[in-house]
Amino acid sequence: MDRNDAVMSDWRQRALALESEVAKAVIGQARAIRLINTAVFARGHVLLQGDVGVGKTTLLRAFAQVLGGDFGRTEGTIDLMPNDLIYYTYISAEGKPAVEPGPLIRHGENLAIFFFNEINRARPQVHSLLLRVMAERSVSAFNREFRFPHLLVFADRNRVEREETFEISAAARDRFMMEVTIDAPADDAERRQLMFDPRFHDTDRLVGALASALVAYEELNQVSELIQRGVQASDALQAYALNLWRATSAPADYGVRLSDVDTAQLMLAGASPRGMSLLMRAARVAAWLDGRDYVAPEDVQAVFVETIAHRLCYQPVYEMRRQEISGRLMSGIMASVAAP
């Protein structure tokens with residue numbers, strides 16, 4: 001085993017330990033935990049969606065706790081403005097105006113996680129600032145450039161409320177590597193535990209009890225690149241991924257049929273080159289977490305829905321039915337495109 005293999009094997013054990021630690025605070029969400037962990041080691045931003053009170057915030061806070069590094073947070077509100085992320089003003093004890101750094105720049109280059117709670121309550125102007133931060137990991141303030149080389153953005157939104165909310169634009173959603181849906185556990189034993197075990201009734205104590213800084217966050221970029229270079233994709237696997245890409249633009253050409261949708265007229269735009277690149281980054285990490293140095297079709301399938309579905313643009317007549325159509329379309333594509 002050469003040095004890089006040893007490093008990757010050691011980090012894989014740390015990554016799996018990280019998952020186990022998060023699972024102590026969030027039960028019944030093994031798939032979501034694996035997906036977020038995949039995004040962390042692929043260095044991609046994550047958006048969670050789901051109903052109210054299903055544990056979205058707890059899950060993201062748990063990851064921030066175990067990953068370590070400095071942590072910034074803001075709550076989406078209808079009156080939040082972009083500058084509120086960068087600075088805030090107040091009257092000092094001496095009665096004079098004062099300015100302090102906001103949550104985005106307070107920790108400088110050491111910022112590892114920025115958590116945006118209820119992102120769909122914030123205005124589009126705030127989303128635009130977040131777009132730049134996510135794409136460039138930098139922001140201008142106080143006549144200087146703040147850079148965040150280790151930054152991941154975690155955000156959540158609920159899919160129930162529509163009043164006083166602002167739907168995230170397609171461009172903004174495309175900056176997230178994954179959009180992960182969180183549902184309440186279906187297992188009765190897990191539901192009973194959430195209802196009656198007092199440990200789950202105090203979120204602050206629950207998250208605070210987790211081990212902190214299980215991984216060296218400042219090394220994650222380097223480890224991620226080792227994974228990307230070390231996990232190979234065969235010619236057959238590459239051809240499979242290319243066919244999946246084509247099917248997102250023209251599902252009818254690949255035999256995808258939905259009973260109440262004309263799939264030949266469904267798509268306005270399929271997945272982008274950036275989206276497919278992020279799909280393969282995530283698939284390589286999925287293979288690594290499963291202990292392999294090559295990408296298998298099941299690795300691509302494991303992350304396909306969460307990395308691609310939110311990037312597809314439907315014709316306007318179908319866009320309002322996105323939530324209803326999306327899952328069936330993605331399942332149809334994976335079932336119709338032959339895997340090697």
# chains A, B, ... in the order shown; residues from 1 in each chain; ligands from 1
>>> residues_around(residues="region 305-308 of chain A", least_positions_apart="4", cutoff="7 Å", atoms="only C-alpha atoms", output="list in words")
Met177, Met178, Glu179, Val180, Ala271, Gly275, Leu279, Leu312 and Met330 of chain A
>>> residues_around(residues="region 300-302 of chain A", least_positions_apart="4", cutoff="12 Å", atoms="only C-alpha atoms", output="JSON, numbers by chain")
{"A": [31, 32, 34, 35, 38, 178, 233, 237, 238, 240, 241, 242, 244, 245, 276, 277, 278, 279, 280, 281, 282, 283, 284, 285, 286, 287, 289, 290, 294, 295, 296, 306, 307, 308, 330, 331, 333, 334, 335, 337, 338, 339, 340]}
>>> residues_around(residues="Ser224 (chain A)", least_positions_apart="3", cutoff="12 Å", atoms="only C-alpha atoms", output="NGL selection string")
:A and (4 or 7-8 or 11-12 or 15 or 37-44 or 150 or 217-221 or 227-231 or 281-282 or 284-286 or 288-289)
>>> write_last_selection(atoms="N, CA, C and O atoms", output="short mmCIF file (atom, residue, chain, number, x, y, z; two decimals), in the first residue's frame")
data_model
loop_
_atom_site.label_atom_id
_atom_site.label_comp_id
_atom_site.auth_asym_id
_atom_site.auth_seq_id
_atom_site.Cartn_x
_atom_site.Cartn_y
_atom_site.Cartn_z
N ASN A 4 -0.38 7.36 -0.43
CA ASN A 4 -1.70 7.93 -0.72
C ASN A 4 -2.81 6.95 -0.36
O ASN A 4 -3.86 7.35 0.17
N VAL A 7 -3.22 7.00 3.36
CA VAL A 7 -3.91 8.23 3.78
C VAL A 7 -5.41 8.12 3.52
O VAL A 7 -6.24 8.45 4.38
N MET A 8 -5.78 7.63 2.32
CA MET A 8 -7.19 7.52 1.97
C MET A 8 -7.90 6.49 2.86
O MET A 8 -9.06 6.69 3.24
N TRP A 11 -8.42 8.12 6.27
CA TRP A 11 -9.49 9.12 6.22
C TRP A 11 -10.85 8.48 6.04
O TRP A 11 -11.86 9.00 6.52
N ARG A 12 -10.90 7.36 5.35
CA ARG A 12 -12.19 6.67 5.21
C ARG A 12 -12.71 6.24 6.58
O ARG A 12 -13.90 6.37 6.87
N ALA A 15 -14.11 9.23 8.20
CA ALA A 15 -15.38 9.62 7.60
C ALA A 15 -16.52 8.75 8.12
O ALA A 15 -17.62 9.24 8.40
N ASN A 37 -22.45 13.43 4.10
CA ASN A 37 -21.04 13.08 4.27
C ASN A 37 -20.33 13.00 2.93
O ASN A 37 -19.18 13.42 2.78
N THR A 38 -21.04 12.47 1.94
CA THR A 38 -20.48 12.41 0.58
C THR A 38 -20.20 13.80 0.06
O THR A 38 -19.13 14.07 -0.51
N ALA A 39 -21.13 14.71 0.26
CA ALA A 39 -20.94 16.09 -0.19
C ALA A 39 -19.78 16.76 0.54
O ALA A 39 -19.02 17.53 -0.06
N VAL A 40 -19.63 16.48 1.83
CA VAL A 40 -18.53 17.07 2.61
C VAL A 40 -17.19 16.69 2.00
O VAL A 40 -16.30 17.54 1.80
N PHE A 41 -17.01 15.41 1.67
CA PHE A 41 -15.72 14.97 1.14
C PHE A 41 -15.58 15.23 -0.36
O PHE A 41 -14.48 15.14 -0.90
N ALA A 42 -16.67 15.59 -1.01
CA ALA A 42 -16.60 16.06 -2.40
C ALA A 42 -16.51 17.58 -2.44
O ALA A 42 -16.41 18.15 -3.52
N ARG A 43 -16.55 18.22 -1.27
CA ARG A 43 -16.46 19.67 -1.11
C ARG A 43 -17.59 20.39 -1.83
O ARG A 43 -17.39 21.34 -2.59
N GLY A 44 -18.81 19.93 -1.59
CA GLY A 44 -19.99 20.52 -2.23
C GLY A 44 -20.98 21.03 -1.21
O GLY A 44 -21.10 20.48 -0.10
N HIS A 150 -11.99 26.94 2.97
CA HIS A 150 -12.50 25.69 3.53
C HIS A 150 -14.02 25.67 3.64
O HIS A 150 -14.59 24.74 4.21
N TYR A 217 -10.54 19.86 9.52
CA TYR A 217 -11.27 20.49 8.42
C TYR A 217 -10.35 21.15 7.41
O TYR A 217 -10.64 21.19 6.21
N GLU A 218 -9.18 21.67 7.86
CA GLU A 218 -8.28 22.37 6.95
C GLU A 218 -7.58 21.41 5.99
O GLU A 218 -6.94 21.85 5.03
N GLU A 219 -7.70 20.10 6.22
CA GLU A 219 -7.10 19.11 5.33
C GLU A 219 -8.12 18.52 4.34
O GLU A 219 -7.74 17.74 3.46
N LEU A 220 -9.39 18.88 4.48
CA LEU A 220 -10.43 18.23 3.67
C LEU A 220 -10.27 18.51 2.18
O LEU A 220 -10.54 17.63 1.35
N ASN A 221 -9.85 19.72 1.81
CA ASN A 221 -9.66 20.02 0.39
C ASN A 221 -8.62 19.09 -0.23
O ASN A 221 -8.80 18.56 -1.33
N ILE A 227 -9.00 11.75 -3.30
CA ILE A 227 -10.09 10.85 -3.66
C ILE A 227 -10.40 10.96 -5.15
O ILE A 227 -10.54 9.94 -5.85
N GLN A 228 -10.49 12.19 -5.64
CA GLN A 228 -10.84 12.39 -7.04
C GLN A 228 -9.79 11.81 -7.98
O GLN A 228 -10.11 11.27 -9.04
N ARG A 229 -8.52 11.91 -7.59
CA ARG A 229 -7.46 11.36 -8.44
C ARG A 229 -7.30 9.85 -8.27
O ARG A 229 -6.88 9.15 -9.18
N GLY A 230 -7.65 9.35 -7.07
CA GLY A 230 -7.39 7.95 -6.77
C GLY A 230 -8.50 6.99 -7.16
O GLY A 230 -8.26 5.80 -7.32
N VAL A 231 -9.73 7.49 -7.31
CA VAL A 231 -10.87 6.62 -7.65
C VAL A 231 -11.12 6.76 -9.15
O VAL A 231 -11.41 7.84 -9.65
N ARG A 281 -17.99 13.79 -9.14
CA ARG A 281 -17.24 14.02 -7.90
C ARG A 281 -17.91 13.27 -6.75
O ARG A 281 -17.24 12.60 -5.95
N ALA A 282 -19.23 13.38 -6.67
CA ALA A 282 -19.95 12.70 -5.60
C ALA A 282 -19.87 11.19 -5.75
O ALA A 282 -19.74 10.46 -4.76
N ARG A 284 -17.48 9.40 -7.06
CA ARG A 284 -16.15 8.92 -6.64
C ARG A 284 -16.07 8.84 -5.11
O ARG A 284 -15.49 7.89 -4.56
N VAL A 285 -16.63 9.83 -4.42
CA VAL A 285 -16.62 9.78 -2.96
C VAL A 285 -17.48 8.62 -2.46
O VAL A 285 -17.11 7.93 -1.51
N ALA A 286 -18.63 8.39 -3.12
CA ALA A 286 -19.50 7.28 -2.73
C ALA A 286 -18.75 5.95 -2.86
O ALA A 286 -18.86 5.07 -1.98
N TRP A 288 -15.47 5.54 -2.72
CA TRP A 288 -14.43 5.54 -1.66
C TRP A 288 -15.02 5.18 -0.31
O TRP A 288 -14.43 4.38 0.44
N LEU A 289 -16.18 5.73 0.02
CA LEU A 289 -16.80 5.41 1.30
C LEU A 289 -17.18 3.93 1.39
O LEU A 289 -17.25 3.37 2.49
#
>>> atom_distance(atom1="CA of Pro103 (chain A)", atom2="CA of Leu210 (chain A)")
23.1 Å
>>> closest_residue(among="A:Pro101, A:Gly76, A:Pro251, A:Pro82", to="Thr165 (chain A)", atoms="only C-alpha atoms")
A:Gly76
>>> residues_around(residues="Ala216 (chain A)", least_positions_apart="4", cutoff="9 Å", atoms="only C-alpha atoms", output="list in words")
Leu67, Gly68, Gly69 and Leu220 of chain A
>>> residues_around(residues="Val54 (chain A)", least_positions_apart="6", cutoff="9 Å", atoms="only C-alpha atoms", output="ChimeraX atom specification")
/A:182-185
>>> write_last_selection(atoms="C-alpha atoms", output="PDB file, in the first residue's frame")
ATOM      1  CA  ILE A 182     -35.727  14.828   4.710  1.00  0.00           C
ATOM      2  CA  ASP A 183     -38.886  12.988   5.745  1.00  0.00           C
ATOM      3  CA  ALA A 184     -39.996  11.902   9.194  1.00  0.00           C
ATOM      4  CA  PRO A 185     -38.940   8.323  10.070  1.00  0.00           C
TER       5      PRO A 185
END
>>> select_by_dssp(residues="region 35-263 of chain A", states="helix (DSSP H, G or I)", output="PyMOL selection string")
chain A and resi 35-42+56-67+83-86+108-110+119-121+124-136+170-174+188-196+198-201+203-208+217-230+235-249+251-254
>>> write_last_selection(atoms="C-alpha atoms", output="mmCIF file, in the first residue's frame")
data_model
loop_
_atom_site.group_PDB
_atom_site.id
_atom_site.type_symbol
_atom_site.label_atom_id
_atom_site.label_comp_id
_atom_site.auth_asym_id
_atom_site.auth_seq_id
_atom_site.Cartn_x
_atom_site.Cartn_y
_atom_site.Cartn_z
ATOM 1 C CA LEU A 35 -25.363 11.843 1.292
ATOM 2 C CA ILE A 36 -24.259 14.852 3.343
ATOM 3 C CA ASN A 37 -21.038 13.083 4.274
ATOM 4 C CA THR A 38 -20.483 12.408 0.585
ATOM 5 C CA ALA A 39 -20.936 16.094 -0.190
ATOM 6 C CA VAL A 40 -18.528 17.071 2.605
ATOM 7 C CA PHE A 41 -15.718 14.969 1.141
ATOM 8 C CA ALA A 42 -16.603 16.063 -2.396
ATOM 9 C CA LYS A 56 -33.277 19.346 9.053
ATOM 10 C CA THR A 57 -31.663 21.903 11.326
ATOM 11 C CA THR A 58 -30.578 19.292 13.870
ATOM 12 C CA LEU A 59 -28.911 17.217 11.162
ATOM 13 C CA LEU A 60 -26.932 20.142 9.766
ATOM 14 C CA ARG A 61 -25.958 21.381 13.227
ATOM 15 C CA ALA A 62 -24.746 17.882 14.081
ATOM 16 C CA PHE A 63 -22.478 17.842 11.037
ATOM 17 C CA ALA A 64 -21.122 21.286 11.884
ATOM 18 C CA GLN A 65 -20.340 20.054 15.407
ATOM 19 C CA VAL A 66 -18.425 16.942 14.379
ATOM 20 C CA LEU A 67 -16.595 18.568 11.460
ATOM 21 C CA ASN A 83 -25.271 43.549 4.356
ATOM 22 C CA ASP A 84 -26.639 41.796 7.431
ATOM 23 C CA LEU A 85 -24.402 38.834 6.575
ATOM 24 C CA ILE A 86 -21.325 41.056 6.348
ATOM 25 C CA GLY A 108 -12.187 35.034 8.248
ATOM 26 C CA GLU A 109 -10.376 32.218 6.471
ATOM 27 C CA ASN A 110 -11.122 29.779 9.293
ATOM 28 C CA ILE A 119 -33.159 30.107 3.318
ATOM 29 C CA ASN A 120 -36.442 30.523 1.442
ATOM 30 C CA ARG A 121 -37.532 33.211 3.904
ATOM 31 C CA PRO A 124 -33.466 37.215 -3.659
ATOM 32 C CA GLN A 125 -30.850 39.917 -2.938
ATOM 33 C CA VAL A 126 -29.550 37.745 -0.105
ATOM 34 C CA HIS A 127 -29.576 34.669 -2.339
ATOM 35 C CA SER A 128 -27.461 36.592 -4.875
ATOM 36 C CA LEU A 129 -24.769 37.353 -2.301
ATOM 37 C CA LEU A 130 -24.797 33.743 -1.195
ATOM 38 C CA LEU A 131 -24.347 32.675 -4.834
ATOM 39 C CA ARG A 132 -21.026 34.462 -5.071
ATOM 40 C CA VAL A 133 -19.833 33.124 -1.748
ATOM 41 C CA MET A 134 -20.730 29.578 -2.774
ATOM 42 C CA ALA A 135 -19.196 29.835 -6.247
ATOM 43 C CA GLU A 136 -16.049 31.797 -5.433
ATOM 44 C CA ALA A 170 -32.747 27.780 -10.558
ATOM 45 C CA ALA A 171 -29.325 29.458 -10.701
ATOM 46 C CA ALA A 172 -29.056 29.536 -6.917
ATOM 47 C CA ARG A 173 -30.142 25.914 -6.517
ATOM 48 C CA ASP A 174 -27.591 24.858 -9.131
ATOM 49 C CA ASP A 188 -42.653 2.928 14.571
ATOM 50 C CA ALA A 189 -39.753 2.122 16.895
ATOM 51 C CA GLU A 190 -37.868 5.215 15.730
ATOM 52 C CA ARG A 191 -40.985 7.367 16.039
ATOM 53 C CA ARG A 192 -41.525 6.082 19.571
ATOM 54 C CA GLN A 193 -37.937 6.942 20.432
ATOM 55 C CA LEU A 194 -38.319 10.491 19.114
ATOM 56 C CA MET A 195 -41.542 10.958 21.056
ATOM 57 C CA PHE A 196 -40.645 9.448 24.407
ATOM 58 C CA PRO A 198 -36.068 12.808 26.659
ATOM 59 C CA ARG A 199 -32.634 12.889 25.009
ATOM 60 C CA PHE A 200 -34.271 13.996 21.761
ATOM 61 C CA HIS A 201 -36.319 16.765 23.372
ATOM 62 C CA THR A 203 -31.686 19.838 20.649
ATOM 63 C CA ASP A 204 -28.920 22.044 22.051
ATOM 64 C CA ARG A 205 -27.870 19.419 24.568
ATOM 65 C CA LEU A 206 -28.256 16.632 21.991
ATOM 66 C CA VAL A 207 -25.928 18.300 19.491
ATOM 67 C CA GLY A 208 -23.559 19.576 22.167
ATOM 68 C CA TYR A 217 -11.274 20.485 8.419
ATOM 69 C CA GLU A 218 -8.283 22.368 6.951
ATOM 70 C CA GLU A 219 -7.103 19.109 5.328
ATOM 71 C CA LEU A 220 -10.426 18.235 3.671
ATOM 72 C CA ASN A 221 -9.661 20.016 0.386
ATOM 73 C CA GLN A 222 -6.452 18.030 -0.010
ATOM 74 C CA VAL A 223 -8.121 14.736 0.932
ATOM 75 C CA SER A 224 -10.942 15.432 -1.515
ATOM 76 C CA GLU A 225 -8.471 15.857 -4.369
ATOM 77 C CA LEU A 226 -6.723 12.616 -3.406
ATOM 78 C CA ILE A 227 -10.085 10.847 -3.660
ATOM 79 C CA GLN A 228 -10.841 12.391 -7.044
ATOM 80 C CA ARG A 229 -7.459 11.357 -8.441
ATOM 81 C CA GLY A 230 -7.392 7.952 -6.774
ATOM 82 C CA ASP A 235 -14.642 3.710 -20.194
ATOM 83 C CA ALA A 236 -17.866 1.716 -19.782
ATOM 84 C CA LEU A 237 -18.798 3.730 -16.686
ATOM 85 C CA GLN A 238 -18.054 6.990 -18.502
ATOM 86 C CA ALA A 239 -20.307 5.930 -21.392
ATOM 87 C CA TYR A 240 -23.075 5.115 -18.890
ATOM 88 C CA ALA A 241 -22.773 8.550 -17.252
ATOM 89 C CA LEU A 242 -22.868 10.255 -20.655
ATOM 90 C CA ASN A 243 -26.073 8.403 -21.540
ATOM 91 C CA LEU A 244 -27.616 9.510 -18.250
ATOM 92 C CA TRP A 245 -26.687 13.080 -19.150
ATOM 93 C CA ARG A 246 -28.312 12.826 -22.578
ATOM 94 C CA ALA A 247 -31.422 11.286 -21.019
ATOM 95 C CA THR A 248 -31.914 14.308 -18.764
ATOM 96 C CA SER A 249 -32.371 16.449 -21.880
ATOM 97 C CA PRO A 251 -35.921 11.343 -21.719
ATOM 98 C CA ALA A 252 -38.358 10.158 -24.406
ATOM 99 C CA ASP A 253 -35.423 9.196 -26.659
ATOM 100 C CA TYR A 254 -34.336 6.710 -23.987
#
>>> closest_residue(among="A:Val261, A:Arg106, A:Pro297, A:Val215", to="Glu324 (chain A)", atoms="only C-alpha atoms")
A:Val261
>>> closest_atom_pairs(of="region 26-58 of chain A", to="region 154-159 of chain A", cutoff="6 Å", atoms="only C-alpha atoms", output="CSV")
residue,atom,partner,partner_atom,distance
A:Val46,CA,A:Phe154,CA,5.1
A:Leu47,CA,A:Ala155,CA,4.8
A:Leu48,CA,A:Asp156,CA,4.5
A:Gln49,CA,A:Arg157,CA,5.1
A:Gly50,CA,A:Asn158,CA,5.1
A:Asp51,CA,A:Asn158,CA,5.3
A:Val52,CA,A:Asn158,CA,5.9
>>> write_last_selection(atoms="all heavy atoms", output="short mmCIF file (atom, residue, chain, number, x, y, z; two decimals), in the first residue's frame")
data_model
loop_
_atom_site.label_atom_id
_atom_site.label_comp_id
_atom_site.auth_asym_id
_atom_site.auth_seq_id
_atom_site.Cartn_x
_atom_site.Cartn_y
_atom_site.Cartn_z
N VAL A 46 -24.73 21.92 0.40
CA VAL A 46 -25.90 21.05 0.58
C VAL A 46 -27.13 21.87 0.95
O VAL A 46 -27.06 22.74 1.83
CB VAL A 46 -25.65 20.00 1.69
CG1 VAL A 46 -26.88 19.12 1.89
CG2 VAL A 46 -24.44 19.14 1.34
N LEU A 47 -28.25 21.58 0.28
CA LEU A 47 -29.55 22.16 0.61
C LEU A 47 -30.47 21.04 1.07
O LEU A 47 -30.65 20.05 0.36
CB LEU A 47 -30.15 22.87 -0.61
CG LEU A 47 -31.56 23.44 -0.47
CD1 LEU A 47 -31.60 24.56 0.57
CD2 LEU A 47 -32.08 23.95 -1.81
N LEU A 48 -31.05 21.20 2.26
CA LEU A 48 -32.03 20.24 2.76
C LEU A 48 -33.42 20.82 2.61
O LEU A 48 -33.64 22.00 2.86
CB LEU A 48 -31.80 19.92 4.24
CG LEU A 48 -30.55 19.14 4.64
CD1 LEU A 48 -30.67 18.71 6.11
CD2 LEU A 48 -30.34 17.92 3.78
N GLN A 49 -34.36 19.99 2.20
CA GLN A 49 -35.75 20.41 2.17
C GLN A 49 -36.60 19.34 2.84
O GLN A 49 -36.22 18.18 2.92
CB GLN A 49 -36.23 20.64 0.74
CG GLN A 49 -36.36 19.37 -0.09
CD GLN A 49 -37.33 19.54 -1.25
OE1 GLN A 49 -37.98 20.57 -1.40
NE2 GLN A 49 -37.41 18.53 -2.09
N GLY A 50 -37.74 19.76 3.35
CA GLY A 50 -38.62 18.82 4.01
C GLY A 50 -39.69 19.56 4.77
O GLY A 50 -39.74 20.80 4.78
N ASP A 51 -40.57 18.81 5.41
CA ASP A 51 -41.64 19.42 6.19
C ASP A 51 -41.07 20.06 7.46
O ASP A 51 -39.90 19.88 7.81
CB ASP A 51 -42.69 18.36 6.56
CG ASP A 51 -43.38 17.79 5.32
OD1 ASP A 51 -43.37 18.46 4.27
OD2 ASP A 51 -43.90 16.66 5.41
N VAL A 52 -41.93 20.78 8.16
CA VAL A 52 -41.51 21.44 9.41
C VAL A 52 -41.27 20.39 10.50
O VAL A 52 -42.05 19.45 10.65
CB VAL A 52 -42.59 22.44 9.87
CG1 VAL A 52 -42.20 23.10 11.18
CG2 VAL A 52 -42.84 23.50 8.80
#
>>> atom_distance(atom1="CA of Phe142 (chain A)", atom2="CA of Tyr87 (chain A)")
9.4 Å
>>> select_by_dssp(residues="region 123-290 of chain A", states="strand (DSSP E)", output="list in words")
Ser138, Val139, Ser140, Ala141, Arg144, Glu145, Phe146, Arg147, Leu152, Val153, Phe154, Ala155, Asp156, Arg157, Asn158, Met178, Glu179, Val180, Thr181, Ile182, Met267, Leu268 and Ala269 of chain A
>>> atom_distance(atom1="CA of Tyr88 (chain A)", atom2="CA of Glu118 (chain A)")
20.1 Å
>>> decode(residues="region 63-72 of chain A", atoms="all heavy atoms", output="mmCIF file, in the first residue's frame")
data_model
loop_
_atom_site.group_PDB
_atom_site.id
_atom_site.type_symbol
_atom_site.label_atom_id
_atom_site.label_comp_id
_atom_site.auth_asym_id
_atom_site.auth_seq_id
_atom_site.Cartn_x
_atom_site.Cartn_y
_atom_site.Cartn_z
ATOM 1 N N PHE A 63 -23.646 17.916 11.921
ATOM 2 C CA PHE A 63 -22.478 17.842 11.037
ATOM 3 C C PHE A 63 -21.498 18.966 11.337
ATOM 4 O O PHE A 63 -20.271 18.752 11.349
ATOM 5 C CB PHE A 63 -22.907 17.885 9.570
ATOM 6 C CG PHE A 63 -23.002 16.528 8.944
ATOM 7 C CD1 PHE A 63 -24.215 15.881 8.830
ATOM 8 C CD2 PHE A 63 -21.873 15.874 8.473
ATOM 9 C CE1 PHE A 63 -24.315 14.616 8.268
ATOM 10 C CE2 PHE A 63 -21.949 14.621 7.902
ATOM 11 C CZ PHE A 63 -23.176 13.981 7.799
ATOM 12 N N ALA A 64 -22.006 20.166 11.560
ATOM 13 C CA ALA A 64 -21.122 21.286 11.884
ATOM 14 C C ALA A 64 -20.339 21.003 13.167
ATOM 15 O O ALA A 64 -19.153 21.340 13.275
ATOM 16 C CB ALA A 64 -21.935 22.570 12.030
ATOM 17 N N GLN A 65 -20.986 20.369 14.134
ATOM 18 C CA GLN A 65 -20.340 20.054 15.407
ATOM 19 C C GLN A 65 -19.198 19.065 15.216
ATOM 20 O O GLN A 65 -18.086 19.260 15.722
ATOM 21 C CB GLN A 65 -21.370 19.480 16.389
ATOM 22 C CG GLN A 65 -20.799 18.873 17.645
ATOM 23 C CD GLN A 65 -20.494 19.885 18.731
ATOM 24 O OE1 GLN A 65 -20.697 21.077 18.530
ATOM 25 N NE2 GLN A 65 -20.005 19.419 19.866
ATOM 26 N N VAL A 66 -19.446 17.991 14.478
ATOM 27 C CA VAL A 66 -18.425 16.942 14.379
ATOM 28 C C VAL A 66 -17.324 17.283 13.380
ATOM 29 O O VAL A 66 -16.221 16.747 13.463
ATOM 30 C CB VAL A 66 -19.058 15.572 14.025
ATOM 31 C CG1 VAL A 66 -20.050 15.151 15.094
ATOM 32 C CG2 VAL A 66 -19.728 15.603 12.660
ATOM 33 N N LEU A 67 -17.617 18.188 12.432
ATOM 34 C CA LEU A 67 -16.595 18.568 11.460
ATOM 35 C C LEU A 67 -15.568 19.516 12.056
ATOM 36 O O LEU A 67 -14.406 19.525 11.653
ATOM 37 C CB LEU A 67 -17.238 19.216 10.231
ATOM 38 C CG LEU A 67 -17.895 18.261 9.244
ATOM 39 C CD1 LEU A 67 -18.678 19.032 8.198
ATOM 40 C CD2 LEU A 67 -16.840 17.392 8.574
ATOM 41 N N GLY A 68 -15.988 20.345 13.003
ATOM 42 C CA GLY A 68 -15.063 21.294 13.593
ATOM 43 C C GLY A 68 -14.851 22.502 12.697
ATOM 44 O O GLY A 68 -15.523 22.695 11.684
ATOM 45 N N GLY A 69 -13.881 23.319 13.051
ATOM 46 C CA GLY A 69 -13.667 24.575 12.350
ATOM 47 C C GLY A 69 -14.647 25.622 12.831
ATOM 48 O O GLY A 69 -15.580 25.330 13.591
ATOM 49 N N ASP A 70 -14.446 26.847 12.414
ATOM 50 C CA ASP A 70 -15.343 27.920 12.826
ATOM 51 C C ASP A 70 -16.667 27.819 12.082
ATOM 52 O O ASP A 70 -16.730 27.393 10.924
ATOM 53 C CB ASP A 70 -14.696 29.277 12.587
ATOM 54 C CG ASP A 70 -13.569 29.559 13.580
ATOM 55 O OD1 ASP A 70 -13.673 29.078 14.727
ATOM 56 O OD2 ASP A 70 -12.599 30.229 13.203
ATOM 57 N N PHE A 71 -17.710 28.259 12.755
ATOM 58 C CA PHE A 71 -19.084 28.020 12.319
ATOM 59 C C PHE A 71 -19.839 29.341 12.336
ATOM 60 O O PHE A 71 -19.848 30.052 13.340
ATOM 61 C CB PHE A 71 -19.714 27.014 13.297
ATOM 62 C CG PHE A 71 -21.188 26.766 13.114
ATOM 63 C CD1 PHE A 71 -21.669 26.283 11.922
ATOM 64 C CD2 PHE A 71 -22.083 27.000 14.149
ATOM 65 C CE1 PHE A 71 -23.026 26.028 11.757
ATOM 66 C CE2 PHE A 71 -23.430 26.762 14.005
ATOM 67 C CZ PHE A 71 -23.910 26.269 12.797
ATOM 68 N N GLY A 72 -20.428 29.701 11.187
ATOM 69 C CA GLY A 72 -21.275 30.888 11.114
ATOM 70 C C GLY A 72 -22.704 30.480 10.831
ATOM 71 O O GLY A 72 -22.959 29.428 10.231
#
